[in-house]
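Engineer: This is target-v4.csv, which holds CSV, C-alpha atoms and all ligand atoms:
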```csv
chain,number,residue,atom,x,y,z
A,855,GLN,CA,-27.8,-99.5,116.9
A,856,ALA,CA,-30.6,-101.7,118.1
A,857,ASP,CA,-31.3,-102.8,114.5
A,858,GLN,CA,-27.6,-103.5,114.0
A,859,ALA,CA,-27.4,-105.6,117.2
A,860,GLN,CA,-30.5,-107.5,116.1
A,861,GLU,CA,-29.0,-108.1,112.7
A,862,VAL,CA,-25.7,-109.3,114.2
A,863,GLU,CA,-27.6,-111.7,116.5
A,864,VAL,CA,-29.7,-113.1,113.6
A,865,VAL,CA,-26.5,-113.7,111.5
A,866,ASN,CA,-24.9,-115.2,114.5
A,867,ARG,CA,-27.7,-117.6,114.9
A,868,VAL,CA,-27.6,-118.5,111.3
A,869,ALA,CA,-23.9,-119.1,111.5
A,870,ASP,CA,-24.2,-121.2,114.6
A,871,SER,CA,-26.8,-123.6,113.1
A,872,ALA,CA,-25.0,-123.6,109.8
A,873,VAL,CA,-21.6,-124.5,111.2
A,874,GLN,CA,-23.2,-127.7,112.6
A,875,ASP,CA,-24.1,-128.7,109.0
A,876,PHE,CA,-21.1,-127.2,107.4
A,877,VAL,CA,-23.2,-124.9,105.3
A,878,VAL,CA,-21.3,-121.8,104.1
A,879,THR,CA,-22.6,-118.8,106.0
A,880,PRO,CA,-21.9,-115.1,105.4
A,881,PRO,CA,-18.8,-113.5,106.7
A,882,LEU,CA,-19.7,-111.4,109.7
A,883,TRP,CA,-16.5,-109.6,110.4
A,884,LEU,CA,-14.6,-107.8,107.7
A,885,LEU,CA,-11.1,-106.8,108.7
A,886,ALA,CA,-9.5,-104.2,106.4
A,887,GLU,CA,-5.8,-104.4,106.9
A,888,LEU,CA,-5.3,-101.0,105.2
A,889,THR,CA,-1.5,-100.9,105.2
A,890,TYR,CA,1.5,-102.9,106.3
A,891,ARG,CA,3.3,-99.6,107.0
A,892,CYS,CA,3.7,-99.0,110.7
A,893,PRO,CA,5.7,-96.5,112.8
A,894,LEU,CA,6.2,-99.2,115.5
A,895,HIS,CA,8.5,-102.2,115.3
A,896,CYS,CA,6.8,-104.7,117.7
A,897,VAL,CA,8.6,-108.0,118.3
A,898,PHE,CA,5.3,-109.9,118.3
A,899,CYS,CA,3.6,-108.3,115.3
A,900,TYR,CA,1.2,-110.6,113.5
A,901,ASN,CA,1.9,-109.2,110.1
A,902,PRO,CA,3.6,-111.7,107.7
A,903,LEU,CA,7.3,-111.9,108.1
A,904,ASN,CA,7.8,-110.8,104.5
A,905,TYR,CA,5.2,-108.0,104.7
A,906,ALA,CA,7.7,-105.5,103.1
A,907,GLU,CA,7.4,-107.5,99.8
A,908,ASN,CA,3.8,-106.3,99.6
A,909,ARG,CA,4.0,-102.6,99.3
A,910,ASN,CA,0.9,-102.2,97.1
A,911,GLU,CA,-2.2,-100.7,98.7
A,912,LEU,CA,-5.8,-100.6,97.5
A,913,THR,CA,-7.0,-97.2,96.7
A,914,THR,CA,-9.9,-95.5,98.5
A,915,ASP,CA,-12.4,-96.5,95.7
A,916,GLN,CA,-11.2,-100.0,95.8
A,917,TRP,CA,-11.8,-100.2,99.6
A,918,PHE,CA,-15.2,-98.7,99.1
A,919,ASP,CA,-16.0,-101.4,96.7
A,920,VAL,CA,-14.7,-104.2,99.1
A,921,MET,CA,-16.8,-102.7,101.9
A,922,ARG,CA,-20.0,-102.5,99.8
A,923,GLN,CA,-19.6,-106.1,98.5
A,924,ALA,CA,-18.9,-107.6,101.9
A,925,ARG,CA,-21.8,-105.7,103.4
A,926,LYS,CA,-24.1,-107.0,100.7
A,927,LEU,CA,-22.9,-110.5,101.5
A,928,GLY,CA,-23.8,-110.0,105.2
A,929,ALA,CA,-20.8,-108.6,107.0
A,930,ALA,CA,-21.8,-106.5,110.0
A,931,GLN,CA,-18.6,-105.5,111.7
A,932,LEU,CA,-15.8,-103.6,110.0
A,933,GLY,CA,-12.3,-103.4,111.6
A,934,PHE,CA,-9.6,-101.0,110.3
A,935,SER,CA,-6.2,-102.3,111.2
A,936,GLY,CA,-2.8,-102.6,109.6
A,937,GLY,CA,0.1,-101.9,110.2
A,938,GLU,CA,-1.1,-98.6,111.5
A,939,PRO,CA,-4.4,-97.6,109.8
A,940,LEU,CA,-3.8,-94.0,110.8
A,941,LEU,CA,-1.1,-93.8,108.2
A,942,ARG,CA,-3.8,-93.8,105.5
A,943,ASP,CA,-4.9,-90.2,104.8
A,944,ASP,CA,-8.2,-91.5,103.6
A,945,LEU,CA,-9.1,-93.3,106.8
A,946,GLU,CA,-11.8,-90.7,107.6
A,947,GLU,CA,-13.4,-91.3,104.2
A,948,LEU,CA,-13.4,-95.0,104.8
A,949,ILE,CA,-14.9,-94.6,108.2
A,950,ALA,CA,-17.7,-92.4,106.7
A,951,GLU,CA,-18.5,-95.0,104.1
A,952,GLY,CA,-18.4,-97.8,106.6
A,953,HIS,CA,-20.8,-95.9,108.8
A,954,ARG,CA,-23.1,-95.1,105.8
A,955,LEU,CA,-23.2,-98.7,104.8
A,956,GLY,CA,-24.4,-99.7,108.3
A,957,TYR,CA,-21.3,-101.4,109.7
A,958,TYR,CA,-20.3,-101.3,113.3
A,959,THR,CA,-16.9,-99.7,112.8
A,960,ASN,CA,-13.8,-100.4,114.9
A,961,LEU,CA,-10.3,-98.7,114.7
A,962,ILE,CA,-7.5,-100.9,115.9
A,963,THR,CA,-4.5,-98.6,116.5
A,964,SER,CA,-1.2,-98.0,118.3
A,965,GLY,CA,-2.5,-94.4,118.7
A,966,VAL,CA,0.4,-92.9,116.8
A,967,GLY,CA,-1.1,-90.3,114.6
A,968,LEU,CA,-4.4,-90.0,116.4
A,969,THR,CA,-4.5,-86.2,116.9
A,970,GLU,CA,-7.4,-84.3,118.4
A,971,PRO,CA,-8.7,-83.0,115.0
A,972,ARG,CA,-8.6,-86.5,113.6
A,973,ILE,CA,-10.5,-88.1,116.5
A,974,ALA,CA,-13.0,-85.3,116.5
A,975,ARG,CA,-13.7,-85.8,112.8
A,976,MET,CA,-13.9,-89.6,113.2
A,977,LYS,CA,-16.5,-89.2,116.0
A,978,GLU,CA,-18.5,-86.9,113.7
A,979,LEU,CA,-18.3,-89.4,110.9
A,980,GLY,CA,-19.7,-92.2,113.1
A,981,LEU,CA,-16.7,-94.3,114.1
A,982,ASP,CA,-18.1,-96.6,116.8
A,983,HIS,CA,-15.1,-98.0,118.6
A,984,ILE,CA,-11.4,-97.6,119.2
A,985,GLN,CA,-9.0,-100.2,120.5
A,986,LEU,CA,-5.7,-98.8,121.7
A,987,SER,CA,-2.6,-100.9,122.2
A,988,PHE,CA,0.0,-100.4,124.9
A,989,GLN,CA,3.0,-102.7,125.2
A,990,ASP,CA,3.6,-102.2,128.9
A,991,SER,CA,3.0,-100.1,132.0
A,992,THR,CA,6.5,-98.8,132.0
A,993,LYS,CA,7.9,-96.3,129.4
A,994,GLU,CA,11.1,-98.2,129.2
A,995,MET,CA,9.6,-101.6,128.3
A,996,ASN,CA,6.9,-100.1,126.0
A,997,ASP,CA,9.5,-98.2,124.1
A,998,PHE,CA,11.9,-101.1,124.0
A,999,LEU,CA,9.4,-103.6,122.6
A,1000,THR,CA,8.3,-101.2,119.9
A,1001,SER,CA,11.8,-99.7,119.3
A,1002,THR,CA,10.2,-96.3,119.5
A,1003,LYS,CA,9.5,-93.5,122.0
A,1004,THR,CA,5.8,-93.6,122.0
A,1005,PHE,CA,4.7,-94.3,125.6
A,1006,ASP,CA,3.9,-90.6,126.4
A,1007,LEU,CA,2.1,-90.1,123.1
A,1008,LYS,CA,-0.1,-93.2,123.7
A,1009,SER,CA,-0.9,-91.8,127.2
A,1010,LYS,CA,-2.2,-88.6,125.6
A,1011,VAL,CA,-4.2,-90.6,123.0
A,1012,ALA,CA,-5.8,-92.6,125.9
A,1013,LYS,CA,-7.0,-89.3,127.3
A,1014,LEU,CA,-8.4,-88.2,124.0
A,1015,ILE,CA,-10.4,-91.4,123.6
A,1016,LYS,CA,-12.1,-90.8,126.9
A,1017,GLN,CA,-12.6,-87.1,126.1
A,1018,TYR,CA,-14.4,-88.0,123.0
A,1019,ASP,CA,-16.6,-90.4,124.9
A,1020,TYR,CA,-15.5,-93.7,123.4
A,1021,PRO,CA,-15.5,-96.8,125.6
A,1022,MET,CA,-11.9,-97.2,126.6
A,1023,VAL,CA,-10.7,-100.5,125.2
A,1024,LEU,CA,-7.0,-101.2,126.0
A,1025,ASN,CA,-5.1,-104.0,124.5
A,1026,VAL,CA,-1.8,-105.2,126.0
A,1027,VAL,CA,0.1,-108.1,124.5
A,1028,LEU,CA,1.7,-110.2,127.3
A,1029,HIS,CA,4.9,-112.3,127.3
A,1030,ARG,CA,7.9,-113.0,129.5
A,1031,TYR,CA,9.1,-109.4,129.5
A,1032,ASN,CA,5.9,-107.9,131.0
A,1033,LEU,CA,3.9,-110.7,132.7
A,1034,ASP,CA,5.5,-109.8,136.0
A,1035,HIS,CA,4.2,-106.2,135.6
A,1036,ILE,CA,0.6,-107.4,135.4
A,1037,ASP,CA,-0.5,-105.6,138.6
A,1038,ARG,CA,1.0,-102.3,137.3
A,1039,ILE,CA,-0.6,-102.8,133.9
A,1040,ILE,CA,-4.0,-103.2,135.6
A,1041,GLU,CA,-3.3,-100.2,137.8
A,1042,MET,CA,-2.4,-98.2,134.7
A,1043,ALA,CA,-5.8,-99.2,133.2
A,1044,ILE,CA,-7.6,-98.1,136.3
A,1045,GLU,CA,-5.9,-94.7,136.2
A,1046,MET,CA,-6.9,-94.4,132.5
A,1047,ASP,CA,-10.5,-95.2,133.4
A,1048,VAL,CA,-10.4,-98.1,131.0
A,1049,GLU,CA,-13.7,-100.1,130.6
A,1050,TYR,CA,-12.3,-103.2,128.8
A,1051,LEU,CA,-8.7,-104.4,129.3
A,1052,GLU,CA,-7.7,-107.1,126.9
A,1053,LEU,CA,-4.6,-108.9,128.2
A,1054,ALA,CA,-3.7,-111.0,125.2
A,1055,ASN,CA,-0.8,-113.4,125.7
A,1056,THR,CA,1.4,-113.6,122.7
A,1057,GLN,CA,0.5,-116.3,120.3
A,1058,TYR,CA,3.4,-117.7,118.3
A,1059,TYR,CA,2.9,-116.8,114.7
A,1060,GLY,CA,4.9,-114.5,112.4
A,1061,TRP,CA,7.3,-112.2,114.4
A,1062,GLY,CA,6.1,-113.8,117.7
A,1063,LEU,CA,7.3,-117.2,116.5
A,1064,VAL,CA,10.6,-115.9,115.3
A,1065,ASN,CA,11.1,-114.3,118.8
A,1066,ARG,CA,9.6,-117.2,120.7
A,1067,ALA,CA,12.8,-118.0,122.7
A,1068,HIS,CA,12.6,-114.4,124.1
A,1069,LEU,CA,8.8,-114.2,124.6
A,1070,LEU,CA,7.5,-117.5,125.8
A,1071,PRO,CA,6.9,-117.4,129.6
A,1072,SER,CA,7.3,-120.2,132.1
A,1073,ARG,CA,4.2,-121.9,133.3
A,1074,GLU,CA,4.8,-120.5,136.8
A,1075,GLN,CA,5.1,-117.0,135.5
A,1076,LEU,CA,1.8,-117.4,133.7
A,1077,GLN,CA,0.0,-118.9,136.7
A,1078,ARG,CA,1.2,-116.0,138.9
A,1079,ALA,CA,-0.1,-113.5,136.4
A,1080,GLU,CA,-3.4,-115.2,136.1
A,1081,ALA,CA,-3.8,-115.3,139.9
A,1082,THR,CA,-3.2,-111.6,140.1
A,1083,VAL,CA,-5.7,-110.9,137.3
A,1084,ASN,CA,-8.3,-113.0,139.3
A,1085,GLU,CA,-7.6,-111.0,142.5
A,1086,TYR,CA,-8.2,-107.8,140.6
A,1087,ARG,CA,-11.4,-109.2,139.0
A,1088,ALA,CA,-12.8,-110.0,142.4
A,1089,LYS,CA,-11.9,-106.6,143.7
A,1090,LEU,CA,-13.1,-104.5,140.7
A,1091,GLY,CA,-16.1,-106.4,139.6
A,1092,ASN,CA,-17.7,-104.8,136.5
A,1093,LYS,CA,-15.9,-101.5,137.0
A,1094,LEU,CA,-13.1,-102.9,134.8
A,1095,ARG,CA,-13.7,-105.9,132.7
A,1096,ILE,CA,-10.5,-107.9,132.2
A,1097,LEU,CA,-10.1,-110.4,129.4
A,1098,PHE,CA,-7.0,-112.7,130.0
A,1099,VAL,CA,-6.2,-114.9,127.0
A,1100,VAL,CA,-3.9,-117.7,127.9
A,1101,PRO,CA,-1.3,-118.6,125.2
A,1102,ASP,CA,-2.4,-121.7,123.3
A,1103,TYR,CA,0.8,-123.5,124.1
A,1104,PHE,CA,-0.3,-123.9,127.8
A,1105,GLU,CA,-3.7,-125.3,126.9
A,1106,GLU,CA,-4.8,-128.9,126.5
A,1107,ARG,CA,-7.7,-128.3,124.1
A,1108,PRO,CA,-7.3,-126.3,120.9
A,1109,LYS,CA,-9.2,-123.1,120.2
A,1110,ALA,CA,-11.7,-122.9,117.4
A,1111,CYS,CA,-9.5,-120.6,115.5
A,1112,MET,CA,-11.4,-117.9,113.6
A,1113,ASN,CA,-14.5,-119.7,114.8
A,1114,GLY,CA,-13.7,-122.2,112.0
A,1115,TRP,CA,-12.0,-121.5,108.7
A,1116,GLY,CA,-14.1,-119.5,106.3
A,1117,SER,CA,-16.9,-119.4,108.8
A,1118,VAL,CA,-17.3,-115.8,110.0
A,1119,PHE,CA,-14.0,-114.0,109.4
A,1120,LEU,CA,-12.7,-112.3,106.2
A,1121,ALA,CA,-9.5,-110.3,106.2
A,1122,VAL,CA,-8.5,-108.2,103.2
A,1123,ALA,CA,-4.8,-107.3,103.2
A,1124,ALA,CA,-3.3,-104.0,102.1
A,1125,ASP,CA,-2.6,-105.4,98.6
A,1126,GLY,CA,-6.1,-106.8,98.2
A,1127,ALA,CA,-5.4,-110.5,99.1
A,1128,ALA,CA,-8.4,-112.0,100.8
A,1129,LEU,CA,-7.4,-114.2,103.8
A,1130,PRO,CA,-9.4,-116.5,106.1
A,1131,CYS,CA,-7.1,-115.5,109.0
A,1132,HIS,CA,-4.3,-113.0,109.8
A,1133,ALA,CA,-1.5,-115.6,109.5
A,1134,ALA,CA,-2.8,-117.5,106.4
A,1135,ARG,CA,-0.1,-116.2,104.2
A,1136,SER,CA,2.3,-118.5,106.1
A,1137,LEU,CA,0.5,-121.6,104.7
A,1138,PRO,CA,2.2,-123.2,101.7
A,1139,GLY,CA,0.3,-124.5,98.7
A,1140,LEU,CA,-2.5,-121.9,99.0
A,1141,THR,CA,-3.1,-119.2,96.4
A,1142,PHE,CA,-5.0,-116.4,98.0
A,1143,PRO,CA,-7.6,-114.7,95.8
A,1144,ASN,CA,-7.4,-110.9,95.3
A,1145,VAL,CA,-10.3,-108.5,95.5
A,1146,LEU,CA,-8.9,-106.8,92.4
A,1147,GLU,CA,-9.6,-109.9,90.4
A,1148,ASP,CA,-12.5,-111.7,92.0
A,1149,SER,CA,-15.7,-110.6,93.6
A,1150,ILE,CA,-16.0,-111.0,97.4
A,1151,HIS,CA,-18.9,-113.4,96.8
A,1152,ASP,CA,-16.8,-115.7,94.6
A,1153,ILE,CA,-13.9,-115.5,97.0
A,1154,TRP,CA,-16.0,-116.4,100.0
A,1155,HIS,CA,-18.0,-119.1,98.4
A,1156,HIS,CA,-15.9,-120.6,95.6
A,1157,SER,CA,-12.2,-120.0,96.1
A,1158,ASP,CA,-9.9,-122.9,96.9
A,1159,ALA,CA,-8.3,-120.8,99.7
A,1160,PHE,CA,-11.5,-120.3,101.6
A,1161,ASN,CA,-12.8,-123.8,101.0
A,1162,ARG,CA,-9.6,-125.7,101.8
A,1163,TYR,CA,-10.2,-126.1,105.6
A,1164,ARG,CA,-13.9,-125.5,105.8
A,1165,GLY,CA,-16.0,-128.2,107.4
A,1166,ASP,CA,-14.3,-131.5,108.2
A,1167,ALA,CA,-13.6,-133.2,104.9
A,1168,TRP,CA,-10.0,-132.2,105.0
A,1169,MET,CA,-9.4,-133.7,108.4
A,1170,LYS,CA,-7.3,-136.8,109.3
A,1171,GLU,CA,-7.0,-138.6,112.6
A,1172,PRO,CA,-7.3,-137.8,115.4
A,1173,CYS,CA,-9.6,-134.9,114.3
A,1174,LYS,CA,-11.6,-137.0,111.8
A,1175,THR,CA,-13.3,-139.1,114.5
A,1176,CYS,CA,-13.1,-136.7,117.4
A,1177,PRO,CA,-16.4,-135.8,119.0
A,1178,ASP,CA,-15.2,-132.2,119.5
A,1179,LYS,CA,-14.4,-131.6,115.8
A,1180,LYS,CA,-17.5,-129.4,115.3
A,1181,LYS,CA,-16.6,-127.3,118.3
A,1182,ASP,CA,-12.9,-126.7,117.8
A,1183,PHE,CA,-12.4,-127.5,114.1
A,1184,GLY,CA,-9.1,-129.2,114.8
A,1185,GLY,CA,-7.7,-126.0,116.2
A,1186,CYS,CA,-5.5,-123.6,114.2
A,1187,ARG,CA,-4.1,-124.5,110.8
A,1188,CYS,CA,-1.3,-122.0,111.0
A,1189,GLN,CA,-0.2,-123.3,114.4
A,1190,ALA,CA,-0.4,-126.9,113.1
A,1191,LEU,CA,1.9,-125.9,110.2
A,1192,ALA,CA,4.3,-123.9,112.4
A,1193,LEU,CA,4.7,-126.8,114.9
A,1194,THR,CA,4.4,-129.9,112.7
A,1195,GLY,CA,5.2,-128.8,109.2
A,1196,ASP,CA,1.7,-129.9,108.0
A,1197,ALA,CA,-1.4,-127.7,108.2
A,1198,THR,CA,-3.7,-130.7,108.0
A,1199,ASN,CA,-2.5,-132.1,111.2
A,1200,ALA,CA,-4.4,-131.6,114.5
A,1201,ASP,CA,-3.2,-128.5,116.3
A,1202,PRO,CA,-0.6,-129.8,118.7
A,1203,VAL,CA,-2.2,-127.8,121.5
A,1204,CYS,CA,-4.7,-130.7,121.6
A,1205,SER,CA,-3.7,-133.4,124.0
A,1206,LYS,CA,-4.8,-136.0,121.4
A,1207,SER,CA,-2.2,-134.8,118.9
A,1208,PRO,CA,0.8,-137.0,118.5
A,1209,HIS,CA,2.9,-133.8,118.6
A,1210,HIS,CA,1.5,-132.5,121.9
A,1211,ASP,CA,4.4,-133.9,123.9
A,1212,ALA,CA,6.9,-132.0,121.7
A,1213,LEU,CA,4.9,-128.8,122.5
A,1214,GLN,CA,5.0,-129.6,126.2
A,1215,THR,CA,8.8,-129.9,125.9
A,1216,ILE,CA,9.0,-126.4,124.3
A,1217,VAL,CA,6.9,-125.0,127.2
A,1218,LEU,CA,9.1,-126.8,129.8
A,1219,HIS,CA,12.2,-125.3,128.4
A,1220,ALA,CA,10.7,-121.9,127.7
A,1221,GLN,CA,13.7,-120.1,129.2
A,1222,PRO,CA,17.2,-121.7,129.2
A,1223,THR,CA,18.5,-122.3,132.7
A,1224,LYS,CA,21.8,-123.4,134.1
A,1225,ASN,CA,21.7,-125.0,137.6
A,1226,GLY,CA,18.3,-123.5,138.0
A,1227,VAL,CA,19.4,-120.0,137.1
A,1228,PRO,CA,17.7,-118.3,134.1
A,1229,GLN,CA,20.1,-117.6,131.3
A,1230,THR,CA,20.0,-114.9,128.6
A,1231,VAL,CA,18.8,-116.0,125.2
A,1232,THR,CA,21.8,-115.7,122.9
A,1233,GLN,CA,19.9,-115.2,119.6
A,1234,PRO,CA,19.1,-111.6,119.0
A,1235,ILE,CA,15.5,-110.4,119.3
A,1236,LEU,CA,14.2,-109.4,115.9
A,1237,PHE,CA,12.3,-106.2,115.6
A,1238,ARG,CA,9.6,-105.8,112.9
A,1239,THR,CA,11.4,-103.6,110.4
A,1240,ASP,CA,11.4,-103.4,106.6
A,1241,ALA,CA,15.1,-104.5,106.6
A,1242,ASN,CA,14.4,-107.6,108.7
A,1243,SER,CA,11.3,-108.3,106.7
A,1244,MET,CA,13.2,-108.4,103.5
A,1245,ARG,CA,15.3,-111.2,105.0
A,1246,PHE,CA,12.2,-113.4,104.7
A,1247,ALA,CA,11.3,-112.3,101.2
B,1301,LIG,FE1,-4.5,-119.1,110.7
B,1301,LIG,FE2,-5.4,-120.0,113.1
B,1301,LIG,S1,-4.2,-118.2,112.6
B,1301,LIG,S2,-6.0,-120.7,111.1
```
Show this structure as C-alpha cells.

Structural biologist:
Amino acid sequence: QADQAQEVEVVNRVADSAVQDFVVTPPLWLLAELTYRCPLHCVFCYNPLNYAENRNELTTDQWFDVMRQARKLGAAQLGFSGGEPLLRDDLEELIAEGHRLGYYTNLITSGVGLTEPRIARMKELGLDHIQLSFQDSTKEMNDFLTSTKTFDLKSKVAKLIKQYDYPMVLNVVLHRYNLDHIDRIIEMAIEMDVEYLELANTQYYGWGLVNRAHLLPSREQLQRAEATVNEYRAKLGNKLRILFVVPDYFEERPKACMNGWGSVFLAVAADGAALPCHAARSLPGLTFPNVLEDSIHDIWHHSDAFNRYRGDAWMKEPCKTCPDKKKDFGGCRCQALALTGDATNADPVCSKSPHHDALQTIVLHAQPTKNGVPQTVTQPILFRTDANSMRFA
C-alpha cells in the first residue's frame, strides 16, 4: 500500500510538471467500463445515449491484456464500472488480475448483484474500494429515478460493505427532485456509518442533458442545499466527509475536465473503444481507437482522438490568450459541444465565453413558472432503457 501511494505520488508529480509543458504523461487512472448492460434505468446516466448500439463486450482475456498494457504504461488506479459491472460473471477474475498487477482497484456499483458470497470473494481477491450509489433517501424517489425497486436491496448492500470492512463511500447524484431532501440524505449516510459522502450534482451530458428540463435546479434550491451541507460539515467534522460538487452551470470558471484531455484519464468502453472522457463519444469528427486494433501505448501517445485537445494548440480565443488556460484547459469539450455546437469553443461555464449569457438564461429559467408558480415540465422524462437508446442510434 505504501509503495503504491508513493508510486501514485511520483506519477502525480510528473504529471503536474509535465502538464505545464504539455508533455504527454502516463495515464494514471484506467476506467474499465465493463458493460453497458444495467438493471437500473437512471434518468441522468452518463453512458452514451445510443449505448444499446454497442452490445459487444471484451472477453476476460482481452481485459487482462488492457490492464497489463495500461499498468506497464504507468496506470496506478483501476476502476470497474459500467453499466453495472456486477453483471459480468468474470468480475472476480478481473479484480484478482488487477490486484496481482499492483493496481489500486475500485468497484463503482449500484449494488444490484452484490451478494454476500461475491463481496467475500472480492475481499479475498484484494478489491480495495467500493463506491455504492443511492438515488435518494426515500424509497419512492430512489425507485422512481431508477425505474426499479432497489432501495431495500441497496440498503442491505450498504450493510455488507461495512461488514466486510470497506470504507463506506456513498455516491448520491443530486438534482431538482432530491436537493430538498439533502438533510435526510445526510442523515441516511450517518445511519449507514458512511465515511465519505459524495453529493454530485447532475452534470448535463447524455441522459442528464436530455432530461435537463426536469433535473436542473434553481439557484435558490442549490444555495439552500449547500447551506445545509455546510451546517452538517460544521457539526460532524471528520466523522463524515462530505463532498458537494456544484453543477458546472452555476459556476463562473470552468473545471479542468479530466484534469486536461489525455492527461491522466483513460476509459476503455465495453466494446474496446478507448476514450479520453466518459462522454467523448458525443463529439463529432473523432474516431476513437479500439484496444482490439491498437496498443494502449499507441492509443495514448499517437492517436488523433487522444491528441486532438491535448495542450493548447487547438484553442481559439478567449482560451488561447487566457492566463488560466494551463489550469482549466478551456473547461470541458463535451460541454462546449453540447451548449455551443463546437467542441473547440471555450466551455460556456466560463464568464469569458461569448456563450456564457445564454447559459445564465438557461439557469434562470430552470423551471417553468407562471405568475411565480412552478409549472410541470410537459416533455416526458426519458429513462435509460434499451428501447429509448435505440431512438438515438
Ligand atoms: Fe468530455 Fe469533459 S466530459 S471533456

Engineer: Figure out the distance between CA of Asn1032 in chain A and CA of Phe1005 in chain A, please, to one decimal in Å.

Structural biologist: 14.7 Å

Engineer: What does the distance between CA of Asp1158 in chain A and CA of Gly952 in chain A come to in Å, to one decimal place?

Structural biologist: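 Between CA of Asp1158 in chain A and CA of Gly952 in chain A the gap is 28.2 Å.
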
Engineer: For Arg1187 in chain A, work out the shell of residues within 12 Å, counting only C-alpha atoms and skipping chain neighbours fewer than 6 positions away, then give it as a ChimeraX atom specification.

Structural biologist: /A:1059,1108-1112,1114-1115,1130-1138,1162-1164,1168-1169,1193-1203

Engineer: Emit the selected residues as a short mmCIF file (atom, residue, chain, number, x, y, z; two decimals), in the frame of the given file, including C-alpha atoms.

Structural biologist:
```cif
data_model
loop_
_atom_site.label_atom_id
_atom_site.label_comp_id
_atom_site.auth_asym_id
_atom_site.auth_seq_id
_atom_site.Cartn_x
_atom_site.Cartn_y
_atom_site.Cartn_z
CA TYR A 1059 2.90 -116.80 114.70
CA PRO A 1108 -7.30 -126.30 120.90
CA LYS A 1109 -9.20 -123.10 120.20
CA ALA A 1110 -11.70 -122.90 117.40
CA CYS A 1111 -9.50 -120.60 115.50
CA MET A 1112 -11.40 -117.90 113.60
CA GLY A 1114 -13.70 -122.20 112.00
CA TRP A 1115 -12.00 -121.50 108.70
CA PRO A 1130 -9.40 -116.50 106.10
CA CYS A 1131 -7.10 -115.50 109.00
CA HIS A 1132 -4.30 -113.00 109.80
CA ALA A 1133 -1.50 -115.60 109.50
CA ALA A 1134 -2.80 -117.50 106.40
CA ARG A 1135 -0.10 -116.20 104.20
CA SER A 1136 2.30 -118.50 106.10
CA LEU A 1137 0.50 -121.60 104.70
CA PRO A 1138 2.20 -123.20 101.70
CA ARG A 1162 -9.60 -125.70 101.80
CA TYR A 1163 -10.20 -126.10 105.60
CA ARG A 1164 -13.90 -125.50 105.80
CA TRP A 1168 -10.00 -132.20 105.00
CA MET A 1169 -9.40 -133.70 108.40
CA LEU A 1193 4.70 -126.80 114.90
CA THR A 1194 4.40 -129.90 112.70
CA GLY A 1195 5.20 -128.80 109.20
CA ASP A 1196 1.70 -129.90 108.00
CA ALA A 1197 -1.40 -127.70 108.20
CA THR A 1198 -3.70 -130.70 108.00
CA ASN A 1199 -2.50 -132.10 111.20
CA ALA A 1200 -4.40 -131.60 114.50
CA ASP A 1201 -3.20 -128.50 116.30
CA PRO A 1202 -0.60 -129.80 118.70
CA VAL A 1203 -2.20 -127.80 121.50
#
```

Engineer: Find the residues near Ala1054 in chain A: any atom within 7 Å, counting only C-alpha atoms, skip ones fewer than 5 places away on the same chain, and give them as a PyMOL selection string.

Structural biologist: chain A and resi 1026-1028+1098-1099

Engineer: Taking (-2.4, -121.3, 121.7) in the coordinates of the supplied file, I want to know which residues reach to within 8 Å of it, counting all atoms listed in the file; could you give the answer as a PDB file with C-alpha atoms, keeping the file's coordinate frame?

Structural biologist:
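Once everything was written out, this is result35.pdb:
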```pdb
ATOM      1  CA  GLN A1057       0.500-116.300 120.300  1.00  0.00           C
ATOM      2  CA  TYR A1058       3.400-117.700 118.300  1.00  0.00           C
ATOM      3  CA  VAL A1100      -3.900-117.700 127.900  1.00  0.00           C
ATOM      4  CA  PRO A1101      -1.300-118.600 125.200  1.00  0.00           C
ATOM      5  CA  ASP A1102      -2.400-121.700 123.300  1.00  0.00           C
ATOM      6  CA  TYR A1103       0.800-123.500 124.100  1.00  0.00           C
ATOM      7  CA  PHE A1104      -0.300-123.900 127.800  1.00  0.00           C
ATOM      8  CA  GLU A1105      -3.700-125.300 126.900  1.00  0.00           C
ATOM      9  CA  PRO A1108      -7.300-126.300 120.900  1.00  0.00           C
ATOM     10  CA  LYS A1109      -9.200-123.100 120.200  1.00  0.00           C
ATOM     11  CA  GLN A1189      -0.200-123.300 114.400  1.00  0.00           C
ATOM     12  CA  VAL A1203      -2.200-127.800 121.500  1.00  0.00           C
TER      13      VAL A1203
END
```

Engineer: So which residues touch Gln1075 in chain A within 9 Å, counting all atoms listed in the file, skipping near sequence neighbours fewer than 3 positions away, as a count of residues only?

Structural biologist: 8

Engineer: May I ask which of the residues A:Trp1154, A:Thr959, A:Glu1085, A:Gln1017 is the closest one to Ser1117 in chain A, counting only C-alpha atoms?

Structural biologist: A:Trp1154

Engineer: Smallest atom-to-atom distance to Val1011 in chain A: which of A:Leu945, A:Ile984, A:Ala930, A:Ala950, using only C-alpha atoms?

Structural biologist: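 Closest to Val1011 in chain A, using only C-alpha atoms: A:Ile984.
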
Engineer: Skipping near chain neighbours, those fewer than 5 positions away, what residues fall within 10 Å of range 912-914 of chain A using all atoms listed in the file, listed as number ranges by chain?

Structural biologist: A: 888-889, 919-920, 942-945, 947-948, 1122-1126, 1145-1146

Engineer: Neighbours of Trp883 in chain A within 9 Å (all atoms listed in the file; same-chain residues fewer than 6 positions away dropped), as a list of chain:residue names?

Structural biologist: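 Close residues of Trp883 in chain A: A:Gly928, A:Ala929, A:Ala930, A:Gln931, A:Leu932, A:Gly933, A:Val1118, A:Phe1119, A:Leu1120, A:Ala1121.
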